[in-house]
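Here is the file structure-v2.cif (mmCIF, C-alpha atoms).
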```
data_input
#
loop_
_atom_site.label_atom_id
_atom_site.label_comp_id
_atom_site.auth_asym_id
_atom_site.auth_seq_id
_atom_site.Cartn_x
_atom_site.Cartn_y
_atom_site.Cartn_z
CA MET A 1 0.00 0.00 0.00
CA SER A 2 1.34 3.44 -0.88
CA ILE A 3 2.26 5.83 1.94
CA PHE A 4 -0.45 8.22 0.70
CA GLU A 5 -3.08 5.56 1.32
CA TYR A 6 -2.00 4.83 4.88
CA ASN A 7 -4.51 7.11 6.61
CA GLY A 8 -7.04 7.70 3.81
CA SER A 9 -8.45 11.12 2.97
CA ALA A 10 -10.66 13.04 0.57
CA LEU A 11 -10.50 16.78 -0.04
CA VAL A 12 -12.25 19.02 -2.51
CA ALA A 13 -12.50 22.79 -3.00
CA MET A 14 -14.77 24.67 -5.39
CA VAL A 15 -15.20 28.23 -6.56
CA GLY A 16 -18.56 29.98 -6.64
CA LYS A 17 -19.73 33.54 -7.23
CA ASN A 18 -17.75 35.64 -4.68
CA CYS A 19 -17.49 32.62 -2.41
CA PHE A 20 -15.66 29.34 -2.15
CA ALA A 21 -16.27 25.97 -0.50
CA ILE A 22 -13.78 23.48 0.91
CA ALA A 23 -14.81 20.03 2.08
CA SER A 24 -13.18 16.94 3.52
CA ASP A 25 -14.13 13.52 4.84
CA ARG A 26 -13.74 12.72 8.55
CA ARG A 27 -12.08 9.30 8.70
CA LEU A 28 -8.67 8.63 10.15
CA GLY A 29 -7.51 5.05 9.64
CA VAL A 30 -4.44 2.88 9.99
CA GLN A 31 -4.60 1.02 6.69
CA LEU A 32 -7.92 -0.81 6.85
CA GLN A 33 -8.77 -0.15 10.50
CA THR A 34 -10.67 3.04 11.38
CA ILE A 35 -9.42 4.75 14.52
CA ALA A 36 -11.20 8.13 14.42
CA THR A 37 -14.38 9.46 12.81
CA ASP A 38 -13.91 13.15 13.59
CA PHE A 39 -10.45 13.88 12.19
CA GLN A 40 -9.86 17.51 11.26
CA ARG A 41 -8.25 17.90 7.82
CA ILE A 42 -9.21 21.49 7.05
CA PHE A 43 -7.48 24.22 9.04
CA LYS A 44 -8.18 27.94 9.20
CA ILE A 45 -5.11 30.07 8.61
CA HIS A 46 -7.00 33.36 8.84
CA ASP A 47 -10.62 34.46 8.40
CA LYS A 48 -10.47 34.25 4.63
CA LEU A 49 -7.90 31.48 4.06
CA PHE A 50 -8.36 27.77 4.61
CA LEU A 51 -5.87 24.97 4.14
CA GLY A 52 -6.80 21.32 3.65
CA LEU A 53 -4.12 18.64 3.95
CA SER A 54 -4.61 15.13 2.60
CA GLY A 55 -2.25 12.19 2.77
CA LEU A 56 -0.29 11.03 5.81
CA GLY A 57 -1.97 12.42 8.96
CA SER A 58 1.27 12.96 10.84
CA ASP A 59 2.87 14.98 8.02
CA ALA A 60 -0.39 16.93 7.59
CA GLN A 61 -0.35 18.02 11.25
CA THR A 62 3.37 18.87 11.26
CA LEU A 63 3.11 20.85 8.04
CA HIS A 64 0.08 22.70 9.42
CA GLN A 65 1.99 23.67 12.58
CA ARG A 66 4.96 24.93 10.54
CA LEU A 67 2.69 26.95 8.23
CA VAL A 68 0.79 28.54 11.13
CA PHE A 69 4.19 29.51 12.59
CA ARG A 70 5.32 31.11 9.32
CA HIS A 71 1.98 32.91 8.92
CA LYS A 72 2.09 34.32 12.46
CA LEU A 73 5.60 35.67 11.81
CA TYR A 74 4.33 37.22 8.57
CA GLN A 75 1.45 38.85 10.47
CA LEU A 76 3.86 40.30 13.02
CA ARG A 77 6.19 41.69 10.36
CA GLU A 78 3.65 42.91 7.78
CA GLU A 79 0.79 43.75 10.19
CA ARG A 80 -1.72 42.10 7.88
CA ASP A 81 -2.97 38.67 6.79
CA MET A 82 -1.30 36.75 3.96
CA LYS A 83 -2.96 36.78 0.57
CA PRO A 84 -3.96 33.30 -0.69
CA GLU A 85 -1.61 33.52 -3.70
CA THR A 86 1.32 34.35 -1.42
CA PHE A 87 0.37 31.55 0.97
CA ALA A 88 0.27 29.08 -1.92
CA SER A 89 3.79 30.13 -2.96
CA LEU A 90 4.94 29.71 0.65
CA VAL A 91 3.52 26.17 0.86
CA SER A 92 5.04 25.31 -2.52
CA ALA A 93 8.48 26.54 -1.45
CA MET A 94 8.31 24.67 1.89
CA LEU A 95 7.36 21.44 0.13
CA TYR A 96 10.10 21.76 -2.54
CA GLU A 97 12.75 22.33 0.16
CA LYS A 98 12.19 18.67 0.99
CA ARG A 99 12.41 17.55 -2.64
CA PHE A 100 14.33 14.33 -1.97
CA GLY A 101 12.64 13.44 1.34
CA PRO A 102 9.17 14.96 0.97
CA TYR A 103 6.20 15.53 3.25
CA PHE A 104 3.67 12.89 2.19
CA CYS A 105 0.84 15.42 1.90
CA GLN A 106 -1.17 17.04 -0.83
CA PRO A 107 -2.41 20.46 0.25
CA VAL A 108 -5.56 22.16 -0.99
CA ILE A 109 -5.57 25.91 -0.42
CA ALA A 110 -8.73 28.00 -0.68
CA GLY A 111 -9.16 31.68 0.13
CA LEU A 112 -10.67 35.03 -0.77
CA GLY A 113 -8.03 37.30 -2.24
CA GLU A 114 -8.09 40.97 -3.12
CA ASP A 115 -11.60 42.33 -3.65
CA ASP A 116 -12.87 39.05 -2.19
CA LYS A 117 -12.09 37.16 -5.40
CA PRO A 118 -12.10 33.40 -4.63
CA PHE A 119 -8.80 31.55 -5.10
CA ILE A 120 -8.21 27.79 -5.01
CA CYS A 121 -5.10 25.77 -5.62
CA THR A 122 -3.71 22.31 -5.01
CA MET A 123 -0.20 20.87 -5.11
CA ASP A 124 1.47 17.51 -5.34
CA SER A 125 3.72 16.43 -2.47
CA ILE A 126 6.77 18.31 -3.80
CA GLY A 127 5.04 21.63 -4.39
CA ALA A 128 3.98 21.70 -8.05
CA LYS A 129 1.14 24.23 -7.97
CA GLU A 130 -2.04 23.63 -9.89
CA LEU A 131 -4.19 26.76 -10.02
CA ALA A 132 -7.69 25.97 -11.16
CA LYS A 133 -10.58 28.28 -11.86
CA ASP A 134 -13.30 25.74 -11.03
CA PHE A 135 -12.42 22.95 -8.57
CA VAL A 136 -9.47 21.07 -7.11
CA VAL A 137 -9.37 17.62 -5.50
CA ALA A 138 -6.89 15.61 -3.41
CA GLY A 139 -6.70 12.39 -1.45
CA THR A 140 -7.37 8.68 -1.92
CA ALA A 141 -10.80 9.40 -3.42
CA SER A 142 -9.37 11.90 -5.92
CA GLU A 143 -10.18 9.86 -9.04
CA SER A 144 -13.86 9.60 -8.12
CA LEU A 145 -13.84 13.25 -7.06
CA TYR A 146 -12.49 14.34 -10.46
CA GLY A 147 -15.37 12.57 -12.16
CA ALA A 148 -18.05 13.81 -9.79
CA CYS A 149 -16.86 17.44 -9.83
CA GLU A 150 -16.41 17.48 -13.62
CA SER A 151 -20.08 16.58 -14.09
CA MET A 152 -21.67 18.43 -11.17
CA PHE A 153 -19.80 21.73 -11.32
CA LYS A 154 -21.24 24.87 -12.90
CA PRO A 155 -19.53 28.27 -12.87
CA ASP A 156 -20.87 31.18 -10.74
CA MET A 157 -22.99 29.28 -8.25
CA ASP A 158 -24.23 31.11 -5.16
CA HIS A 159 -23.33 29.75 -1.73
CA GLU A 160 -26.47 27.64 -1.25
CA GLU A 161 -26.10 25.87 -4.59
CA LEU A 162 -22.32 25.57 -4.09
CA PHE A 163 -22.86 23.84 -0.76
CA GLU A 164 -25.26 21.35 -2.29
CA THR A 165 -22.92 20.64 -5.21
CA ILE A 166 -19.74 20.18 -3.19
CA SER A 167 -21.51 18.00 -0.59
CA GLN A 168 -23.07 15.74 -3.20
CA ALA A 169 -19.73 15.42 -5.04
CA LEU A 170 -17.89 14.58 -1.81
CA ILE A 171 -20.40 12.10 -0.43
CA SER A 172 -20.87 10.24 -3.71
CA SER A 173 -17.08 10.00 -4.25
CA VAL A 174 -16.16 8.82 -0.76
CA ASP A 175 -18.88 6.19 -0.98
CA ARG A 176 -16.78 4.65 -3.75
CA ASP A 177 -13.57 4.72 -1.71
CA CYS A 178 -12.95 2.35 1.19
CA LEU A 179 -10.33 4.51 2.85
CA SER A 180 -12.33 7.73 3.23
CA GLY A 181 -15.78 8.59 4.44
CA TRP A 182 -17.57 8.55 7.79
CA GLY A 183 -19.33 11.82 7.07
CA GLY A 184 -18.15 15.12 5.71
CA HIS A 185 -16.97 18.50 6.90
CA VAL A 186 -17.85 21.45 4.65
CA TYR A 187 -16.83 25.12 5.00
CA ILE A 188 -18.57 27.72 2.82
CA VAL A 189 -16.84 31.09 2.94
CA THR A 190 -18.39 34.31 1.67
CA PRO A 191 -17.04 37.85 2.29
CA THR A 192 -19.41 38.23 5.28
CA GLU A 193 -19.51 34.85 7.01
CA VAL A 194 -18.10 31.36 7.32
CA THR A 195 -20.56 28.48 7.48
CA GLU A 196 -19.29 25.19 8.82
CA ARG A 197 -21.50 22.13 8.34
CA ILE A 198 -21.08 18.49 9.31
CA LEU A 199 -22.64 16.08 6.82
CA LYS A 200 -24.26 12.73 7.49
CA GLY A 201 -22.78 9.99 5.36
CA ARG A 202 -22.46 6.23 5.27
CA MET A 203 -20.51 4.96 8.27
CA ASP A 204 -18.75 2.16 6.50
CA MET B 1 15.70 2.75 2.59
CA LEU B 2 11.95 2.46 2.38
CA THR B 3 12.04 1.51 -1.32
CA LYS B 4 14.24 -1.49 -0.42
CA LYS B 5 11.47 -2.69 1.88
CA GLY B 6 9.07 -2.59 -1.04
CA LEU B 7 7.41 0.80 -0.47
CA LYS B 8 6.39 2.28 -3.82
CA PRO B 9 7.44 5.95 -3.98
CA PRO B 10 4.60 8.43 -4.56
CA GLY B 11 3.78 9.51 -8.09
CA TYR B 12 4.53 13.18 -8.69
CA LEU B 13 2.71 15.56 -10.98
CA LYS B 14 4.33 15.20 -14.41
CA THR B 15 3.86 17.26 -17.50
CA GLY B 16 3.49 14.32 -20.00
CA THR B 17 4.04 16.91 -22.65
CA THR B 18 4.97 17.99 -26.07
CA ILE B 19 7.30 21.00 -26.13
CA VAL B 20 8.93 22.39 -29.27
CA GLY B 21 11.03 25.28 -30.50
CA VAL B 22 11.99 26.58 -33.92
CA VAL B 23 14.43 29.25 -35.08
CA CYS B 24 12.97 31.44 -37.80
CA LYS B 25 14.48 34.38 -39.60
CA ASP B 26 15.41 36.76 -36.68
CA CYS B 27 12.99 35.20 -34.21
CA VAL B 28 12.42 32.10 -32.10
CA VAL B 29 9.00 30.43 -31.77
CA LEU B 30 8.35 28.17 -28.76
CA GLY B 31 5.28 25.97 -28.34
CA ALA B 32 3.81 23.69 -25.68
CA ASP B 33 0.65 21.71 -24.94
CA THR B 34 -1.26 22.31 -21.67
CA ARG B 35 -1.92 18.93 -20.02
CA ALA B 36 -0.49 17.96 -16.59
CA THR B 37 -0.86 14.33 -15.50
CA ALA B 38 -0.65 12.53 -12.14
CA GLY B 39 -0.18 8.92 -13.19
CA SER B 40 -2.80 8.38 -15.85
CA ILE B 41 -5.24 10.97 -14.51
CA VAL B 42 -5.29 14.46 -16.01
CA ALA B 43 -4.65 16.75 -13.04
CA ASP B 44 -4.65 20.06 -14.90
CA LYS B 45 -6.32 20.60 -18.25
CA ASN B 46 -4.82 24.01 -18.83
CA CYS B 47 -1.43 24.41 -17.18
CA GLU B 48 1.35 26.78 -18.30
CA LYS B 49 4.49 25.06 -19.51
CA ILE B 50 6.26 28.08 -21.00
CA HIS B 51 8.21 29.82 -18.23
CA ASN B 52 9.79 33.26 -18.15
CA MET B 53 13.55 33.33 -17.74
CA ALA B 54 14.16 36.92 -18.82
CA PRO B 55 12.22 39.48 -20.90
CA ASN B 56 13.95 38.10 -24.00
CA ILE B 57 14.40 34.45 -23.00
CA LEU B 58 11.71 31.81 -22.35
CA CYS B 59 11.89 28.16 -21.42
CA CYS B 60 9.45 25.28 -21.99
CA GLY B 61 9.59 22.50 -19.40
CA ALA B 62 8.81 18.79 -19.52
CA GLY B 63 9.20 16.17 -16.79
CA THR B 64 8.34 16.52 -13.10
CA ALA B 65 6.28 19.73 -12.81
CA ALA B 66 7.73 20.84 -9.45
CA ASP B 67 11.28 20.45 -10.81
CA THR B 68 10.68 22.45 -14.01
CA GLU B 69 8.96 25.23 -12.01
CA ALA B 70 11.64 25.34 -9.33
CA VAL B 71 14.65 25.21 -11.66
CA THR B 72 13.29 27.87 -14.05
CA ASP B 73 12.29 30.19 -11.15
CA ASN B 74 15.69 29.76 -9.52
CA ILE B 75 17.70 30.46 -12.68
CA SER B 76 15.34 33.32 -13.61
CA SER B 77 16.18 34.99 -10.24
CA GLN B 78 19.90 34.42 -10.81
CA LEU B 79 19.63 35.99 -14.28
CA LYS B 80 17.85 39.05 -12.88
CA LEU B 81 20.57 39.57 -10.28
CA HIS B 82 23.14 39.16 -13.05
CA ARG B 83 21.33 41.82 -15.11
CA TYR B 84 21.44 44.25 -12.19
CA HIS B 85 25.11 43.43 -11.68
CA THR B 86 26.19 43.88 -15.32
CA GLY B 87 23.59 46.40 -16.55
CA ARG B 88 23.10 44.37 -19.74
CA GLU B 89 20.38 42.27 -21.36
CA SER B 90 20.71 38.55 -20.49
CA ARG B 91 22.16 36.18 -23.07
CA VAL B 92 20.66 32.78 -23.87
CA VAL B 93 24.01 31.01 -23.33
CA THR B 94 24.12 32.43 -19.77
CA ALA B 95 20.75 30.86 -18.99
CA LEU B 96 21.91 27.67 -20.69
CA THR B 97 25.08 27.39 -18.58
CA LEU B 98 23.24 28.15 -15.31
CA LEU B 99 20.58 25.53 -16.07
CA LYS B 100 22.97 22.79 -17.20
CA SER B 101 25.28 23.30 -14.20
CA HIS B 102 22.32 23.05 -11.80
CA LEU B 103 20.96 19.90 -13.43
CA PHE B 104 24.38 18.23 -13.64
CA ARG B 105 25.01 18.93 -9.96
CA TYR B 106 21.86 16.94 -9.13
CA GLN B 107 22.97 14.08 -11.41
CA GLY B 108 19.59 13.70 -13.13
CA HIS B 109 17.55 13.49 -9.90
CA VAL B 110 15.98 16.86 -10.78
CA SER B 111 13.88 15.53 -13.59
CA ALA B 112 13.52 18.56 -15.87
CA ALA B 113 13.86 18.41 -19.67
CA LEU B 114 13.85 21.94 -21.12
CA VAL B 115 13.65 23.73 -24.45
CA LEU B 116 15.31 27.12 -23.99
CA GLY B 117 14.88 29.83 -26.60
CA GLY B 118 15.55 33.54 -26.85
CA VAL B 119 16.89 36.47 -28.84
CA ASP B 120 19.84 38.47 -27.51
CA VAL B 121 22.55 40.75 -28.94
CA THR B 122 24.19 37.80 -30.71
CA GLY B 123 20.97 36.75 -32.44
CA PRO B 124 18.24 34.10 -32.04
CA HIS B 125 19.18 30.91 -30.15
CA LEU B 126 17.47 27.60 -29.40
CA HIS B 127 18.79 24.89 -27.06
CA THR B 128 17.56 21.65 -25.48
CA ILE B 129 18.63 20.66 -21.96
CA TYR B 130 18.35 17.09 -20.69
CA PRO B 131 17.81 16.12 -17.01
CA HIS B 132 21.40 14.97 -16.58
CA GLY B 133 22.79 18.27 -17.81
CA SER B 134 23.70 17.71 -21.46
CA THR B 135 22.65 20.32 -24.01
CA ASP B 136 22.16 20.59 -27.75
CA THR B 137 22.01 23.68 -29.96
CA LEU B 138 19.54 23.17 -32.76
CA PRO B 139 17.52 25.00 -35.43
CA PHE B 140 14.41 23.04 -34.36
CA ALA B 141 13.87 20.97 -31.21
CA THR B 142 11.24 18.83 -29.50
CA MET B 143 11.11 17.32 -25.98
CA GLY B 144 8.68 15.36 -23.85
CA SER B 145 6.59 12.25 -24.41
CA GLY B 146 5.15 13.76 -27.60
CA SER B 147 8.55 14.68 -29.02
CA LEU B 148 8.51 11.96 -31.67
CA ALA B 149 5.12 13.02 -33.00
CA ALA B 150 6.24 16.67 -33.14
CA MET B 151 9.66 15.87 -34.62
CA ALA B 152 7.97 13.99 -37.46
CA ILE B 153 6.23 17.24 -38.45
CA PHE B 154 9.45 19.24 -38.17
CA GLU B 155 11.57 16.80 -40.13
CA SER B 156 9.14 16.87 -43.04
CA GLU B 157 8.25 20.56 -43.10
CA TYR B 158 11.12 22.61 -41.64
CA ARG B 159 13.05 24.94 -43.98
CA GLU B 160 15.70 27.52 -43.21
CA GLY B 161 14.64 31.15 -43.12
CA LEU B 162 10.99 30.69 -42.11
CA THR B 163 9.00 33.87 -41.52
CA ARG B 164 7.31 34.55 -38.17
CA ASP B 165 3.86 33.41 -39.35
CA GLU B 166 5.21 30.29 -41.07
CA GLY B 167 7.07 29.49 -37.85
CA VAL B 168 3.92 29.90 -35.73
CA ASN B 169 1.94 27.66 -38.10
CA LEU B 170 4.64 25.00 -38.09
CA VAL B 171 4.89 25.00 -34.30
CA THR B 172 1.09 24.84 -33.95
CA LYS B 173 1.01 21.87 -36.31
CA ALA B 174 3.77 20.09 -34.37
CA ILE B 175 2.06 20.60 -31.00
CA CYS B 176 -1.28 19.46 -32.41
CA SER B 177 0.45 16.33 -33.66
CA GLY B 178 1.63 15.72 -30.08
CA ILE B 179 -1.80 16.51 -28.59
CA PHE B 180 -3.69 14.12 -30.84
CA ASN B 181 -1.18 11.28 -31.12
CA ASP B 182 0.51 11.20 -27.69
CA LEU B 183 -1.59 10.26 -24.66
CA GLY B 184 0.59 12.24 -22.25
CA SER B 185 -0.14 15.51 -24.08
CA GLY B 186 -3.45 17.19 -24.66
CA SER B 187 -5.77 20.20 -24.35
CA ASN B 188 -4.60 23.49 -25.85
CA VAL B 189 -1.61 24.95 -27.71
CA ASP B 190 0.45 27.74 -26.10
CA ILE B 191 2.82 29.69 -28.37
CA CYS B 192 5.51 32.23 -27.63
CA VAL B 193 7.22 34.36 -30.28
CA ILE B 194 10.49 36.05 -29.28
CA GLU B 195 11.88 38.75 -31.55
CA LYS B 196 14.57 41.38 -31.04
CA GLY B 197 13.06 43.77 -28.51
CA LYS B 198 9.62 42.12 -28.41
CA THR B 199 8.19 38.97 -26.82
CA GLU B 200 4.63 37.86 -27.56
CA TYR B 201 3.04 35.18 -25.37
CA LEU B 202 -0.02 33.70 -27.11
CA ARG B 203 -1.66 31.77 -24.27
CA ASN B 204 -4.16 29.24 -25.63
CA HIS B 205 -3.39 30.23 -29.22
CA LEU B 206 -5.42 27.22 -30.36
CA THR B 207 -8.07 25.33 -28.39
CA PRO B 208 -8.84 22.21 -30.42
CA ASN B 209 -10.41 20.35 -27.45
CA PRO B 210 -13.34 22.38 -26.12
CA ARG B 211 -15.79 20.96 -23.59
CA THR B 212 -18.93 20.48 -25.62
CA TYR B 213 -20.79 17.88 -23.66
CA ILE B 214 -22.03 19.95 -20.70
CA SER B 215 -25.76 20.19 -20.48
CA SER B 216 -26.89 23.83 -20.38
CA LYS B 217 -29.41 23.00 -17.63
CA GLY B 218 -26.64 21.85 -15.31
CA TYR B 219 -26.81 19.00 -12.81
CA THR B 220 -29.90 18.65 -10.61
CA PHE B 221 -29.90 16.71 -7.37
CA SER B 222 -32.91 14.59 -6.50
CA LYS B 223 -32.17 14.32 -2.79
CA LYS B 224 -30.82 17.12 -0.59
CA THR B 225 -27.69 16.51 1.53
CA GLU B 226 -28.34 15.54 5.13
CA VAL B 227 -26.72 17.95 7.55
CA LEU B 228 -26.05 17.01 11.16
CA HIS B 229 -24.74 20.28 12.50
CA THR B 230 -24.35 23.87 11.25
CA LYS B 231 -22.19 26.63 12.69
CA ILE B 232 -22.19 30.13 11.21
CA THR B 233 -19.39 32.52 12.14
CA PRO B 234 -19.84 36.08 10.95
CA LEU B 235 -16.55 37.63 9.88
CA LYS B 236 -15.48 40.67 11.89
CA GLU B 237 -16.97 43.89 10.59
CA LEU B 238 -15.19 47.17 10.95
CA VAL B 239 -16.78 49.27 13.63
CA ASP B 240 -17.76 52.83 12.67
CA VAL B 241 -16.38 55.35 15.12
CA VAL B 242 -18.72 58.33 15.33
CA GLN B 243 -17.32 61.52 16.82
CA VAL B 244 -20.06 63.00 19.04
CA GLY B 245 -19.63 66.80 19.58
CA GLY B 246 -16.97 67.94 22.17
CA ASP B 247 -15.14 65.61 24.51
CA ALA B 248 -12.39 65.08 21.97
CA MET B 249 -9.09 64.01 23.52
CA GLU B 250 -6.82 66.93 24.28
CA GLU B 251 -3.15 66.74 23.51
#
```
Show me, as structure tokens, the structure contained in the file I just sent.
Amino acid sequence: MSIFEYNGSALVAMVGKNCFAIASDRRLGVQLQTIATDFQRIFKIHDKLFLGLSGLGSDAQTLHQRLVFRHKLYQLREERDMKPETFASLVSAMLYEKRFGPYFCQPVIAGLGEDDKPFICTMDSIGAKELAKDFVVAGTASESLYGACESMFKPDMDHEELFETISQALISSVDRDCLSGWGGHVYIVTPTEVTERILKGRMD
Amino acid sequence: MLTKKGLKPPGYLKTGTTIVGVVCKDCVVLGADTRATAGSIVADKNCEKIHNMAPNILCCGAGTAADTEAVTDNISSQLKLHRYHTGRESRVVTALTLLKSHLFRYQGHVSAALVLGGVDVTGPHLHTIYPHGSTDTLPFATMGSGSLAAMAIFESEYREGLTRDEGVNLVTKAICSGIFNDLGSGSNVDICVIEKGKTEYLRNHLTPNPRTYISSKGYTFSKKTEVLHTKITPLKELVDVVQVGGDAMEE
């Protein structure tokens, strides 16, 4: 089994009209045994920037701690929050530093940039950025997620429709993947509020 | 150590790729497809494979995406510092030497195969750089998994002294050959024309693979998602400070 499939994960982020959504599954496993059903994969960096980390749970948590550290230093020096594009470059640089001994994670970054324009991006484990205008996926369920998002996505959805779309794409994809599932965790971010919802899914 | 125990190393994002370059009369035309693959899945349908090295030098990259991005960004920074140091326009051979030295130092572990092209004071130049650090100087070049398909077009239709438009058409034809015949390449054609004093980047010059199968009604869901718990956090709003009459602070 590949090191990326050790813990199991599913992450997806989508862009809507002046809003974005980022969703993950909630399972943490050790190969085929499930040990937690409330594992947090999406982390808030600041009010308008969220980071999802799929892959090995241990590397995801360590990388998150290091990035929070770097962001706090940035806030102290620049007296403002980091823009999503800048944060993506930071994550990419940190991952490439470990080119020949990488973090076994695939990050998904989603945020509202200047003028509250939504920004999403994903990377492979050595920092190759993929900037998409519609959706990005990561994790063991990524192949199913690509298919589901490709057919369900429409541009310029409002936050209600975006929530429905991303949830349906996530739940249907993790149902086809043994290593992820046990519900879903969805964040919908608009310029005025952040809505966090826990989804009911199959517990198998 | 882990590979000896049988652990399969993770698959990185690769740019399957067809990248080409051609030297025309007084200009260089570079071309690339736009597909990025992770194994056999298409990860990015419209990625950018033509990187900026200097205002007059550009580089197409094939191989591991992170490596091509990192090596071109690194050498691009070094070239900029060199320009500030010398006060002159960068030369293509400078970029070539910096890239080949970097790649040779890493003995092929930095998996980046590049087509470097540009126009400087000595004229138009085109080079290919292999992951182990060897280079070739050619009038027309192709790299990547689609290089054979593109080279077939070049070998049959290249002539010396092509004009700018003939060059662009030839490059487009070569990239299309890669897109349609090689499975690792696909989507759109990006072109870049570099002339003395002017660089034109034609992003998505040709889009021969549009998405035509989407239903205009969109996807409708029969059953709504079941939600267990909702938490809404309003984002902080700036408070309006209203100055009410006197009582202002005195210095």
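Distance-wise, CA of Ile57 (chain B) and CA of Gly117 (chain B) end up 5.9 Å apart.
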Which residues fall under the PyMOL selection byres ((chain A and resi 194-196) around 12) in this file, as a PDB file with C-alpha atoms, keeping the file's coordinate frame?
```
ATOM      1  CA  CYS A  19     -17.490  32.620  -2.410  1.00  0.00           C
ATOM      2  CA  PHE A  20     -15.660  29.340  -2.150  1.00  0.00           C
ATOM      3  CA  ALA A  21     -16.270  25.970  -0.500  1.00  0.00           C
ATOM      4  CA  ILE A  22     -13.780  23.480   0.910  1.00  0.00           C
ATOM      5  CA  ALA A  23     -14.810  20.030   2.080  1.00  0.00           C
ATOM      6  CA  SER A  24     -13.180  16.940   3.520  1.00  0.00           C
ATOM      7  CA  ILE A  42      -9.210  21.490   7.050  1.00  0.00           C
ATOM      8  CA  PHE A  43      -7.480  24.220   9.040  1.00  0.00           C
ATOM      9  CA  LYS A  44      -8.180  27.940   9.200  1.00  0.00           C
ATOM     10  CA  HIS A  46      -7.000  33.360   8.840  1.00  0.00           C
ATOM     11  CA  ASP A  47     -10.620  34.460   8.400  1.00  0.00           C
ATOM     12  CA  LYS A  48     -10.470  34.250   4.630  1.00  0.00           C
ATOM     13  CA  LEU A  49      -7.900  31.480   4.060  1.00  0.00           C
ATOM     14  CA  PHE A  50      -8.360  27.770   4.610  1.00  0.00           C
ATOM     15  CA  GLY A 111      -9.160  31.680   0.130  1.00  0.00           C
ATOM     16  CA  LEU A 112     -10.670  35.030  -0.770  1.00  0.00           C
ATOM     17  CA  HIS A 159     -23.330  29.750  -1.730  1.00  0.00           C
ATOM     18  CA  GLU A 160     -26.470  27.640  -1.250  1.00  0.00           C
ATOM     19  CA  PHE A 163     -22.860  23.840  -0.760  1.00  0.00           C
ATOM     20  CA  GLY A 184     -18.150  15.120   5.710  1.00  0.00           C
ATOM     21  CA  HIS A 185     -16.970  18.500   6.900  1.00  0.00           C
ATOM     22  CA  VAL A 186     -17.850  21.450   4.650  1.00  0.00           C
ATOM     23  CA  TYR A 187     -16.830  25.120   5.000  1.00  0.00           C
ATOM     24  CA  ILE A 188     -18.570  27.720   2.820  1.00  0.00           C
ATOM     25  CA  VAL A 189     -16.840  31.090   2.940  1.00  0.00           C
ATOM     26  CA  THR A 190     -18.390  34.310   1.670  1.00  0.00           C
ATOM     27  CA  PRO A 191     -17.040  37.850   2.290  1.00  0.00           C
ATOM     28  CA  THR A 192     -19.410  38.230   5.280  1.00  0.00           C
ATOM     29  CA  GLU A 193     -19.510  34.850   7.010  1.00  0.00           C
ATOM     30  CA  ARG A 197     -21.500  22.130   8.340  1.00  0.00           C
ATOM     31  CA  ILE A 198     -21.080  18.490   9.310  1.00  0.00           C
ATOM     32  CA  LEU A 199     -22.640  16.080   6.820  1.00  0.00           C
TER      33      LEU A 199
ATOM     34  CA  VAL B 227     -26.720  17.950   7.550  1.00  0.00           C
ATOM     35  CA  LEU B 228     -26.050  17.010  11.160  1.00  0.00           C
ATOM     36  CA  HIS B 229     -24.740  20.280  12.500  1.00  0.00           C
ATOM     37  CA  THR B 230     -24.350  23.870  11.250  1.00  0.00           C
ATOM     38  CA  LYS B 231     -22.190  26.630  12.690  1.00  0.00           C
ATOM     39  CA  ILE B 232     -22.190  30.130  11.210  1.00  0.00           C
ATOM     40  CA  THR B 233     -19.390  32.520  12.140  1.00  0.00           C
ATOM     41  CA  PRO B 234     -19.840  36.080  10.950  1.00  0.00           C
ATOM     42  CA  LEU B 235     -16.550  37.630   9.880  1.00  0.00           C
ATOM     43  CA  LYS B 236     -15.480  40.670  11.890  1.00  0.00           C
TER      44      LYS B 236
END
```
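For region 135-141 of chain B, the list of residues within 7 Å, based on only C-alpha atoms and with local chain neighbours fewer than 5 positions off taken out, reads Val20, Gly21, Val22, Val23, Leu126, His127, Thr128, Ile129 and Tyr130 of chain B.
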Keeping C-alpha atoms, export the residues of the selection given above as an mmCIF file, in the frame of the given file.
```cif
data_model
loop_
_atom_site.group_PDB
_atom_site.id
_atom_site.type_symbol
_atom_site.label_atom_id
_atom_site.label_comp_id
_atom_site.auth_asym_id
_atom_site.auth_seq_id
_atom_site.Cartn_x
_atom_site.Cartn_y
_atom_site.Cartn_z
ATOM 1 C CA VAL B 20 8.930 22.390 -29.270
ATOM 2 C CA GLY B 21 11.030 25.280 -30.500
ATOM 3 C CA VAL B 22 11.990 26.580 -33.920
ATOM 4 C CA VAL B 23 14.430 29.250 -35.080
ATOM 5 C CA LEU B 126 17.470 27.600 -29.400
ATOM 6 C CA HIS B 127 18.790 24.890 -27.060
ATOM 7 C CA THR B 128 17.560 21.650 -25.480
ATOM 8 C CA ILE B 129 18.630 20.660 -21.960
ATOM 9 C CA TYR B 130 18.350 17.090 -20.690
#
```
Mind giving me the straight-line distance from CA of Ser180 (chain A) to CA of Ser40 (chain B) in Å, one decimal?
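Separating CA of Ser180 (chain A) from CA of Ser40 (chain B) is a distance of 21.3 Å.
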Residues matched by the PyMOL selection byres ((chain A) within 9 of (chain B)) as a ChimeraX atom specification:
/A:1-4,47-48,92-93,96,99-100,104,123-132,136-137,143,146,151-154,164-165,167-168,171,191-201
Quick check on the file I pasted: which residues fall under the PyMOL selection byres ((chain B and resi 25-33) around 6)? Write them as number ranges by chain.
B: 18-24, 34, 124, 161-163, 188-195
